[in-house]
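Next up, my_file-v2.txt (compact mmCIF, C-alpha atoms):
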# COMPACT_ATOMS: atom_id res chain seq x y z
CA MET T 1 241.77 100.59 112.32
CA ALA T 2 241.66 96.81 111.70
CA GLY T 3 245.15 95.32 111.65
CA SER T 4 246.75 98.22 113.53
CA PRO T 5 248.93 97.50 116.60
CA GLN T 6 246.23 98.95 118.90
CA PHE T 7 243.55 96.78 117.31
CA MET T 8 245.68 93.65 117.64
CA ARG T 9 246.50 94.43 121.27
CA ASN T 10 242.81 94.86 122.08
CA LEU T 11 242.00 91.63 120.30
CA ASN T 12 244.68 89.72 122.21
CA GLU T 13 243.60 91.16 125.55
CA ASN T 14 239.99 90.29 124.82
CA LEU T 15 240.96 86.70 124.04
CA ILE T 16 242.83 86.47 127.32
CA MET T 17 239.98 88.00 129.34
CA ASP T 18 237.50 85.60 127.74
CA ALA T 19 239.77 82.68 128.59
CA LEU T 20 240.11 83.72 132.23
CA ILE T 21 236.37 84.34 132.60
CA ALA T 22 235.62 80.92 131.13
CA MET T 23 238.40 78.85 132.74
CA GLY T 24 239.27 80.58 136.01
CA ASP T 25 242.86 80.81 137.25
CA MET T 26 245.46 80.09 134.55
CA SER T 27 249.20 80.42 134.17
CA ARG T 28 250.68 82.40 131.30
CA ALA T 29 251.63 79.11 129.64
CA ASP T 30 248.06 77.83 130.06
CA ILE T 31 246.74 81.03 128.48
CA SER T 32 249.14 80.65 125.57
CA ARG T 33 248.00 77.08 124.92
CA TYR T 34 244.31 77.96 125.30
CA THR T 35 244.34 81.08 123.08
CA LYS T 36 247.03 79.92 120.61
CA LEU T 37 248.87 83.21 121.25
CA SER T 38 252.65 83.24 121.58
CA LYS T 39 254.12 83.40 125.09
CA PRO T 40 255.66 86.88 124.55
CA THR T 41 252.31 88.16 123.28
CA VAL T 42 250.54 86.71 126.31
CA SER T 43 253.07 88.19 128.72
CA SER T 44 252.77 91.66 127.18
CA ALA T 45 248.97 91.55 127.14
CA VAL T 46 248.76 90.26 130.72
CA GLU T 47 251.00 93.07 131.98
CA HIS T 48 248.75 95.65 130.34
CA LEU T 49 245.64 94.00 131.80
CA ILE T 50 247.26 94.08 135.25
CA GLU T 51 247.88 97.81 134.80
CA ARG T 52 244.17 98.22 134.01
CA ASN T 53 243.30 96.21 137.15
CA LEU T 54 241.30 93.76 135.04
CA VAL T 55 243.45 90.74 135.92
CA LEU T 56 245.47 89.84 139.01
CA GLU T 57 248.37 87.60 139.87
CA THR T 58 247.08 85.24 142.54
CA GLY T 59 250.03 83.07 143.61
CA ARG T 60 251.79 80.00 142.39
CA ALA T 61 250.38 76.97 140.60
CA ASP T 62 250.73 73.61 142.31
CA ASN T 63 253.18 72.14 139.79
CA ALA T 64 254.34 68.59 140.27
CA GLN T 65 257.93 69.56 139.56
CA GLY T 66 260.07 72.44 138.36
CA ARG T 67 259.51 76.14 138.89
CA LYS T 68 255.96 76.95 139.98
CA ALA T 69 254.11 79.19 137.52
CA THR T 70 252.32 82.35 138.62
CA LEU T 71 248.56 82.13 138.23
CA ILE T 72 246.48 84.87 136.62
CA ARG T 73 242.78 85.43 137.22
CA PHE T 74 240.11 87.81 136.01
CA ASN T 75 239.51 90.53 138.60
CA GLN T 76 235.76 90.36 139.15
CA ALA T 77 236.03 93.11 141.76
CA ALA T 78 237.56 95.66 139.38
CA TYR T 79 234.10 97.14 138.81
CA TYR T 80 230.48 96.42 139.67
CA VAL T 81 227.05 96.60 138.06
CA CYS T 82 223.51 97.06 139.36
CA GLY T 83 220.14 95.68 138.31
CA VAL T 84 216.97 97.59 139.23
CA ASP T 85 213.39 96.32 139.02
CA ILE T 86 210.94 99.25 139.08
CA GLY T 87 207.55 97.90 140.13
CA ALA T 88 204.22 99.51 140.90
CA THR T 89 204.68 99.19 144.68
CA GLN T 90 208.31 98.15 145.19
CA ILE T 91 211.78 98.82 143.82
CA ARG T 92 214.17 95.87 143.89
CA MET T 93 217.92 96.34 143.50
CA ALA T 94 220.78 93.91 143.00
CA LEU T 95 224.52 94.65 143.15
CA ALA T 96 226.84 92.25 141.33
CA ASP T 97 230.51 91.83 140.46
CA LEU T 98 231.94 91.31 136.97
CA ARG T 99 231.21 87.60 137.07
CA GLY T 100 227.55 88.33 137.70
CA ALA T 101 227.60 87.09 141.29
CA VAL T 102 224.96 89.03 143.25
CA LEU T 103 226.61 90.53 146.32
CA ASP T 104 223.58 92.35 147.73
CA TYR T 105 219.85 92.37 147.00
CA ARG T 106 217.41 94.83 148.57
CA THR T 107 213.74 95.72 148.32
CA TYR T 108 212.55 99.29 148.85
CA PRO T 109 209.06 100.86 148.92
CA MET T 110 207.94 102.90 145.94
CA GLU T 111 206.78 105.89 148.07
CA ALA T 112 205.18 107.74 145.14
CA ASN T 113 202.89 109.98 147.18
CA SER T 114 203.01 113.29 145.36
CA GLY T 115 200.73 114.42 142.56
CA ARG T 116 201.22 113.42 138.93
CA ASP T 117 203.01 116.66 138.13
CA GLN T 118 205.70 115.90 140.73
CA ALA T 119 205.79 112.10 140.39
CA GLY T 120 208.53 112.07 137.75
CA THR T 121 210.96 114.13 139.81
CA GLN T 122 210.11 112.15 142.92
CA ILE T 123 210.81 108.75 141.40
CA LEU T 124 214.16 109.88 139.99
CA ASP T 125 215.17 111.22 143.41
CA LEU T 126 213.99 107.98 144.98
CA LEU T 127 215.96 105.78 142.58
CA ARG T 128 219.13 107.78 143.12
CA ARG T 129 218.73 107.77 146.92
CA TYR T 130 218.14 104.02 147.07
CA THR T 131 221.13 103.35 144.81
CA ASP T 132 223.34 105.61 146.93
CA GLU T 133 222.24 103.63 150.00
CA LEU T 134 223.04 100.33 148.30
CA LEU T 135 226.54 101.46 147.35
CA ALA T 136 227.26 102.96 150.78
CA ALA T 137 226.16 99.75 152.50
CA ASN T 138 228.72 97.85 150.39
CA HIS T 139 231.52 100.44 150.81
CA LEU T 140 231.51 101.34 147.10
CA ILE T 141 231.70 104.65 145.27
CA TRP T 142 230.18 105.60 141.93
CA GLU T 143 233.51 105.38 140.10
CA GLN T 144 233.35 101.60 140.70
CA ILE T 145 229.93 101.22 139.02
CA GLN T 146 230.11 100.69 135.28
CA CYS T 147 226.47 100.17 134.35
CA ILE T 148 222.93 99.94 135.75
CA GLY T 149 220.20 97.91 134.08
CA PHE T 150 216.62 99.08 134.70
CA GLY T 151 213.52 96.93 134.27
CA ILE T 152 210.39 98.96 133.43
CA PRO T 153 206.79 97.61 133.52
CA GLY T 154 205.98 99.06 130.12
CA VAL T 155 206.97 98.94 126.46
CA VAL T 156 210.53 100.17 125.94
CA ASN T 157 211.51 101.20 122.43
CA PRO T 158 214.91 99.51 121.93
CA ASN T 159 216.10 102.26 119.56
CA SER T 160 215.05 105.44 121.35
CA GLY T 161 214.73 104.31 124.98
CA GLU T 162 211.26 105.86 125.09
CA ILE T 163 208.48 104.26 127.16
CA ASN T 164 204.78 103.75 126.55
CA ARG T 165 202.01 101.45 127.80
CA ILE T 166 203.36 101.61 131.33
CA VAL T 167 201.32 99.97 134.12
CA SER T 168 198.58 102.24 135.45
CA PRO T 169 200.12 102.95 138.91
CA LEU T 170 203.14 104.48 137.15
CA GLU T 171 201.24 106.44 134.51
CA GLY T 172 202.62 109.96 134.21
CA MET T 173 206.19 108.80 134.97
CA GLU T 174 207.08 107.66 131.46
CA GLU T 175 209.24 110.67 130.59
CA ALA T 176 211.12 110.52 133.91
CA LEU T 177 211.96 106.84 133.41
CA GLU T 178 213.13 107.12 129.80
CA MET T 179 216.77 106.67 128.89
CA ASN T 180 217.58 110.38 128.56
CA SER T 181 216.17 111.23 132.00
CA LEU T 182 217.88 108.36 133.81
CA SER T 183 221.20 109.14 132.12
CA LYS T 184 221.14 112.64 133.63
CA VAL T 185 220.71 111.27 137.16
CA PHE T 186 223.17 108.36 137.21
CA PRO T 187 226.90 108.84 136.50
CA CYS T 188 227.35 105.57 134.60
CA LYS T 189 226.06 103.72 131.57
CA ILE T 190 222.29 103.03 131.62
CA ILE T 191 220.44 100.11 130.01
CA LEU T 192 216.64 100.24 129.83
CA GLU T 193 214.49 97.19 129.12
CA ASN T 194 210.98 95.84 129.61
CA ASP T 195 210.73 94.06 132.96
CA VAL T 196 209.24 90.82 131.60
CA ASN T 197 212.01 90.59 128.99
CA LEU T 198 214.54 90.91 131.80
CA ALA T 199 212.74 88.25 133.85
CA ALA T 200 213.04 85.92 130.86
CA LEU T 201 216.76 86.67 130.61
CA GLY T 202 217.16 86.08 134.34
CA GLU T 203 215.45 82.68 134.09
CA TYR T 204 217.61 81.79 131.09
CA THR T 205 220.80 82.74 132.90
CA ASN T 206 220.21 81.46 136.42
CA GLY T 207 216.68 80.12 136.68
CA ALA T 208 214.16 77.69 135.24
CA ALA T 209 215.10 78.08 131.57
CA VAL T 210 218.87 77.48 131.56
CA GLU T 211 219.99 76.10 128.16
CA SER T 212 216.47 76.28 126.67
CA ASP T 213 216.69 77.00 122.93
CA LEU T 214 213.22 78.53 122.63
CA PHE T 215 211.11 79.44 125.63
CA VAL T 216 208.44 81.89 126.76
CA PHE T 217 208.33 83.57 130.15
CA MET T 218 204.75 84.61 130.87
CA SER T 219 204.19 87.04 133.72
CA ILE T 220 200.70 87.27 135.23
CA GLY T 221 199.91 89.67 138.02
CA THR T 222 198.70 93.26 138.04
CA GLY T 223 199.27 93.10 134.28
CA THR T 224 200.22 90.42 131.78
CA GLY T 225 203.14 90.07 129.39
CA ALA T 226 205.65 87.66 127.92
CA GLY T 227 209.36 87.56 127.24
CA ILE T 228 210.51 85.31 124.40
CA MET T 229 214.06 84.03 124.00
CA VAL T 230 215.46 82.17 120.98
CA ASN T 231 218.98 80.73 121.18
CA GLY T 232 219.83 83.02 124.08
CA GLN T 233 218.55 86.20 122.39
CA LEU T 234 215.49 88.25 123.37
CA LEU T 235 212.89 88.93 120.71
CA ARG T 236 211.80 92.57 120.82
CA GLY T 237 209.96 93.16 117.55
CA MET T 238 208.74 96.43 116.10
CA GLY T 239 209.04 99.15 118.73
CA GLY T 240 209.74 96.58 121.45
CA LEU T 241 206.18 95.21 121.21
CA THR T 242 206.97 91.48 121.12
CA GLY T 243 205.28 89.73 124.03
CA GLU T 244 202.67 92.43 124.74
CA LEU T 245 199.87 89.91 125.21
CA ALA T 246 197.29 92.18 126.81
CA GLU T 247 195.36 92.64 123.55
CA MET T 248 195.19 88.94 122.69
CA ARG T 249 191.53 87.91 122.42
CA LEU T 250 190.23 84.92 124.33
CA GLU T 251 186.75 83.53 125.02
CA GLY T 252 183.99 85.79 123.73
CA GLY T 253 186.52 88.18 122.21
CA ARG T 254 187.59 89.46 125.62
CA ARG T 255 191.09 90.88 126.15
CA LEU T 256 193.61 88.52 127.71
CA GLU T 257 194.62 91.04 130.37
CA ASP T 258 190.99 91.67 131.35
CA MET T 259 190.58 87.94 131.98
CA LEU T 260 193.95 86.82 133.38
CA SER T 261 195.23 89.78 135.42
CA ALA T 262 194.65 90.00 139.17
CA ASP T 263 191.54 92.10 138.53
CA GLY T 264 190.28 89.53 136.03
CA LEU T 265 190.76 86.70 138.50
CA MET T 266 188.87 88.60 141.20
CA LYS T 267 186.05 89.36 138.76
CA LEU T 268 185.76 85.67 137.93
CA ALA T 269 185.68 84.81 141.64
CA ARG T 270 182.86 87.27 142.28
CA GLU T 271 180.84 85.97 139.33
CA MET T 272 181.18 82.34 140.40
CA GLN T 273 180.43 83.13 144.04
CA ALA T 274 177.26 84.99 143.05
CA HIS T 275 175.78 81.76 141.72
CA LEU T 276 176.33 79.81 144.95
CA PRO T 277 174.53 80.06 148.31
CA GLU T 278 176.48 81.58 151.21
CA GLU T 279 176.57 78.29 153.08
CA TYR T 280 177.88 76.31 150.07
CA ASP T 281 181.44 76.44 151.26
CA SER T 282 181.85 77.80 154.76
CA GLY T 283 185.63 77.54 154.47
CA THR T 284 185.69 80.50 152.07
CA ALA T 285 184.12 82.90 154.57
CA GLU T 286 187.39 84.82 155.01
CA PHE T 287 187.90 85.03 151.26
CA ARG T 288 184.32 86.29 150.83
CA LYS T 289 184.94 89.11 153.34
CA HIS T 290 188.38 90.14 152.08
CA PRO T 291 188.83 88.80 148.53
CA THR T 292 192.39 88.87 147.21
CA PRO T 293 194.27 86.56 144.84
CA GLU T 294 196.52 85.51 147.74
CA LYS T 295 193.54 84.45 149.89
CA LEU T 296 192.00 82.63 146.95
CA PHE T 297 195.14 80.55 146.41
CA GLU T 298 195.40 79.90 150.15
CA ALA T 299 191.82 78.62 150.16
CA ALA T 300 192.54 76.34 147.20
CA ARG T 301 195.60 74.92 148.94
CA SER T 302 193.38 74.14 151.93
CA GLY T 303 191.12 72.13 149.64
CA GLU T 304 188.16 74.54 149.76
CA VAL T 305 185.89 73.43 146.94
CA GLN T 306 184.75 76.79 145.65
CA ALA T 307 188.30 78.21 145.50
CA VAL T 308 189.45 75.13 143.58
CA GLN T 309 186.59 75.51 141.11
CA ILE T 310 187.39 79.18 140.53
CA LEU T 311 191.04 78.44 139.81
CA GLU T 312 190.14 75.48 137.62
CA GLN T 313 188.03 77.77 135.44
CA TYR T 314 190.79 80.39 135.48
CA SER T 315 193.29 77.72 134.36
CA HIS T 316 191.12 76.93 131.35
CA TRP T 317 191.34 80.57 130.28
CA LEU T 318 195.10 80.62 130.86
CA ALA T 319 195.48 77.37 128.91
CA MET T 320 193.66 78.98 125.98
CA ALA T 321 196.26 81.76 125.89
CA LEU T 322 199.13 79.27 126.18
CA HIS T 323 197.64 77.22 123.33
CA HIS T 324 197.68 80.27 121.05
CA ILE T 325 201.33 80.89 121.95
CA CYS T 326 202.26 77.25 121.30
CA VAL T 327 200.58 77.16 117.89
CA ILE T 328 202.63 80.15 116.76
CA LEU T 329 206.00 79.56 118.45
CA ALA T 330 206.15 75.85 119.36
CA PRO T 331 208.41 76.63 122.36
CA ASP T 332 210.36 73.98 124.24
CA LEU T 333 209.33 75.50 127.56
CA ILE T 334 206.85 77.94 129.08
CA VAL T 335 207.79 79.51 132.43
CA LEU T 336 205.04 81.17 134.48
CA GLY T 337 205.84 84.02 136.85
CA GLY T 338 204.40 87.08 138.51
CA GLY T 339 202.12 87.42 141.52
CA ILE T 340 199.53 85.03 140.06
CA GLY T 341 201.58 82.97 137.61
CA GLY T 342 204.05 82.06 140.35
CA ASN T 343 201.45 79.88 142.12
CA GLY T 344 202.56 76.81 140.21
CA ASP T 345 201.60 74.30 142.89
CA VAL T 346 197.94 75.20 142.25
CA LEU T 347 197.91 76.12 138.55
CA LEU T 348 200.33 73.67 136.96
CA PRO T 349 198.36 70.45 137.65
CA PHE T 350 195.32 71.95 135.86
CA LEU T 351 197.44 73.31 133.01
CA ARG T 352 199.40 70.11 132.46
CA GLN T 353 196.22 68.07 132.23
CA ILE T 354 194.71 70.45 129.68
CA ARG T 355 197.98 70.48 127.73
CA SER T 356 198.11 66.68 127.51
CA GLU T 357 194.47 66.47 126.39
CA GLN T 358 194.18 69.43 124.02
CA PHE T 359 197.58 70.78 122.87
CA SER T 360 199.09 69.62 119.57
CA VAL T 361 202.37 71.26 120.64
CA GLN T 362 203.18 70.21 124.21
CA PRO T 363 206.02 72.21 125.77
CA LYS T 364 207.27 71.67 129.28
CA LEU T 365 205.37 73.86 131.76
CA THR T 366 207.04 75.16 134.90
CA CYS T 367 207.16 78.17 137.21
CA SER T 368 209.80 80.79 137.80
CA LYS T 369 212.76 79.61 139.82
CA LEU T 370 213.85 83.15 140.68
CA GLY T 371 210.48 84.53 141.80
CA ASP T 372 210.54 88.24 142.57
CA ARG T 373 214.29 88.35 141.86
CA ALA T 374 213.90 87.46 138.19
CA VAL T 375 213.75 91.02 136.80
CA ALA T 376 216.69 92.31 138.87
CA THR T 377 218.70 89.22 137.88
CA GLY T 378 218.06 89.90 134.19
CA ALA T 379 218.88 93.58 134.69
CA VAL T 380 222.24 92.57 136.16
CA GLN T 381 222.91 90.42 133.11
CA VAL T 382 222.29 93.20 130.55
CA ALA T 383 224.42 95.59 132.63
CA LEU T 384 227.17 92.99 132.81
CA GLN T 385 227.10 92.31 129.06
CA GLN T 386 227.39 96.03 128.35
CA THR T 387 230.24 96.40 130.83
CA ILE T 388 232.30 93.53 129.43
CA LEU T 389 231.88 94.93 125.91
CA HIS T 390 233.02 98.35 127.14
CA LEU T 391 236.06 96.93 128.93
CA GLN T 392 237.07 95.04 125.81
CA HIS T 393 237.45 98.21 123.75

Target encoding structure tokens, full file:
Amino acid sequence: MAGSPQFMRNLNENLIMDALIAMGDMSRADISRYTKLSKPTVSSAVEHLIERNLVLETGRADNAQGRKATLIRFNQAAYYVCGVDIGATQIRMALADLRGAVLDYRTYPMEANSGRDQAGTQILDLLRRYTDELLAANHLIWEQIQCIGFGIPGVVNPNSGEINRIVSPLEGMEEALEMNSLSKVFPCKIILENDVNLAALGEYTNGAAVESDLFVFMSIGTGTGAGIMVNGQLLRGMGGLTGELAEMRLEGGRRLEDMLSADGLMKLAREMQAHLPEEYDSGTAEFRKHPTPEKLFEAARSGEVQAVQILEQYSHWLAMALHHICVILAPDLIVLGGGIGGNGDVLLPFLRQIRSEQFSVQPKLTCSKLGDRAVATGAVQVALQQTILHLQH
């Protein structure tokens, strides 16, 4: 009840924890000055926080004169959180302390080899086994883990935790990856979120979009999607559908994902190659034999004319999508990521030229700073936010 002794004690302890998280080591007198709480109130609250193992006494302050004060600090090792990026071919996991510092980061194979009817059970077993391995490697037990954030390559309903529109390699696993199923497997709090939303949060927290008031993270790879953040908050929209760009229509009314995904890029490459003689560009012989997006970008970096032309045309399509986004949102910044979008050294020069010539709204264009760690980094952040809220009650 508001105004009760318990409520006031929680409020005071929360103020002190916030101060220590923000400022680092402080004496009781420093805490009193910073929070405007009385010294007796601070002393009582600090003792209770020490009992809860949330703060520690760390030694004496280096006073110029007089009795040296004992310093207090937030105990970032009281508990831990995990961030998990569930991809079509890999599972990435990050372990972090209560300050969000990543202590361990590991990549595991998906290993989904069984039939569709067994895939759900298999992926849950796999996720639990990999998480057990991560904790054991860091000498931790489950009682020390407060929360796990999961990034899912599909639409996550923020109210129900249900999943739909998952990427095709994971089709049939929607029910297994929903909030209710995960909560039965892991003995801690679970947060479930779209992977591109988490990548946007990761870039905002520790990557290319720090302090950006309004930015878009656009992921382009096997699929396409966007995460949008305004004043540090993710936009989710009705049913979590904000940023689902796949159905946006581009040139000739074609779907954005059909044109810009990895399959779309390879289709464009085949169409453009079909109109050129075999000897036109001998440097692309390897790409012709074994066409992949990676080989195409490698060829362009080597200056091979045909590869450059393919990616120049592709950039015009991508710029069309970015123009639509800019007209609606007028973002300060657009961050590109994913297996294709992350090739900024090739794509950004084309895109920046088109932006300067054709865009009425001209945001800064850049690429992901976190790369394949972006989703796990964002997952750590949502798990951390949930944990701090829980500890403050």

Rank nothing, just name the residue among T:Met248, T:Ile228, T:Ala199, T:Leu103 nearest to Gly337 (chain T), using all atoms listed in the file. T:Ala199

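Distance-wise, CA of Glu357 (chain T) and CA of Leu318 (chain T) end up 14.9 Å apart.
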
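Minimum distance to Leu124 (chain T) across T:Val84, T:Glu312, T:Met173, T:Leu245 (counting all atoms listed in the file) occurs at T:Met173.
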
Quick one, how far is CA of Val185 (chain T) from CA of Arg128 (chain T)? 7.1 Å

In Å, rounded to a single decimal, give me how far CA of His390 (chain T) is from CA of Ser38 (chain T). 25.4 Å

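If you measure from each of T:Val216, T:Ala137, T:Leu170, T:Cys82 to Ala376 (chain T) using all atoms listed in the file, the closest one turns out to be T:Cys82.
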
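Of the residues listed (T:Glu294, T:Glu174, T:Asp372, T:Glu244), T:Asp372 shows the shortest atom-to-atom separation from Arg92 (chain T); distances use only C-alpha atoms.
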
I want to know what sits within 9 Å of Tyr204 (chain T), based on only C-alpha atoms, with residues of the same chain fewer than 4 positions away left out; could you give that as a list in words? Ala199, Ala200, Ala208, Ala209, Val210, Glu211, Ser212, Phe215, Met229, Gly232 and Gly378 of chain T

Spatial neighbours of Val155 (chain T), 10 Å, all atoms listed in the file, chain gap at least 5 places, as a list in words: Gly161, Glu162, Ile163, Asn164, Arg165, Ile166, Val167, Glu193, Asn194, Asp195, Val196, Arg236, Gly239, Gly240, Leu241, Thr242, Gly243 and Glu244 of chain T

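The residue set within 8 Å of Met266 (chain T), counting all atoms listed in the file and dropping same-chain residues fewer than 5 places from it, reads Pro291, Thr292 and Pro293 of chain T.
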
Export, as a short mmCIF file (atom, residue, chain, number, x, y, z; two decimals), keeping the file's coordinate frame, the selected residues with C-alpha atoms.
data_model
loop_
_atom_site.label_atom_id
_atom_site.label_comp_id
_atom_site.auth_asym_id
_atom_site.auth_seq_id
_atom_site.Cartn_x
_atom_site.Cartn_y
_atom_site.Cartn_z
CA PRO T 291 188.83 88.80 148.53
CA THR T 292 192.39 88.87 147.21
CA PRO T 293 194.27 86.56 144.84
#

Name the residues in contact with Leu322 (chain T) at a cut-off of 10 Å, using only C-alpha atoms, excluding same-chain residues fewer than 4 positions from it; report them as a PyMOL selection string. chain T and resi 216+218+316-318+326-327+334+351+355+359+363+365

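Closest approach to Glu13 (chain T) among T:Ser27, T:Thr377, T:Gln392, T:Ser360: T:Gln392, based on all atoms listed in the file.
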
From the options T:Val361, T:Ala321, T:Val382, T:Met23, which residue's atoms come nearest to Leu256 (chain T), counting only C-alpha atoms? T:Ala321

Hey, what's within 12 Å of Leu265 (chain T) if we count only C-alpha atoms and toss same-chain stuff fewer than 3 positions away? As a CSV table (one decimal) with C-alpha atoms, keeping the file's coordinate frame, please?
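What follows is the written file selection05.csv:
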chain,number,residue,atom,x,y,z
T,220,ILE,CA,200.7,87.3,135.2
T,221,GLY,CA,199.9,89.7,138.0
T,222,THR,CA,198.7,93.3,138.0
T,223,GLY,CA,199.3,93.1,134.3
T,256,LEU,CA,193.6,88.5,127.7
T,257,GLU,CA,194.6,91.0,130.4
T,258,ASP,CA,191.0,91.7,131.4
T,259,MET,CA,190.6,87.9,132.0
T,260,LEU,CA,194.0,86.8,133.4
T,261,SER,CA,195.2,89.8,135.4
T,262,ALA,CA,194.6,90.0,139.2
T,268,LEU,CA,185.8,85.7,137.9
T,269,ALA,CA,185.7,84.8,141.6
T,270,ARG,CA,182.9,87.3,142.3
T,271,GLU,CA,180.8,86.0,139.3
T,272,MET,CA,181.2,82.3,140.4
T,291,PRO,CA,188.8,88.8,148.5
T,292,THR,CA,192.4,88.9,147.2
T,293,PRO,CA,194.3,86.6,144.8
T,294,GLU,CA,196.5,85.5,147.7
T,295,LYS,CA,193.5,84.4,149.9
T,296,LEU,CA,192.0,82.6,147.0
T,297,PHE,CA,195.1,80.6,146.4
T,307,ALA,CA,188.3,78.2,145.5
T,310,ILE,CA,187.4,79.2,140.5
T,311,LEU,CA,191.0,78.4,139.8
T,312,GLU,CA,190.1,75.5,137.6
T,313,GLN,CA,188.0,77.8,135.4
T,314,TYR,CA,190.8,80.4,135.5
T,315,SER,CA,193.3,77.7,134.4
T,317,TRP,CA,191.3,80.6,130.3
T,318,LEU,CA,195.1,80.6,130.9
T,339,GLY,CA,202.1,87.4,141.5
T,340,ILE,CA,199.5,85.0,140.1
T,341,GLY,CA,201.6,83.0,137.6
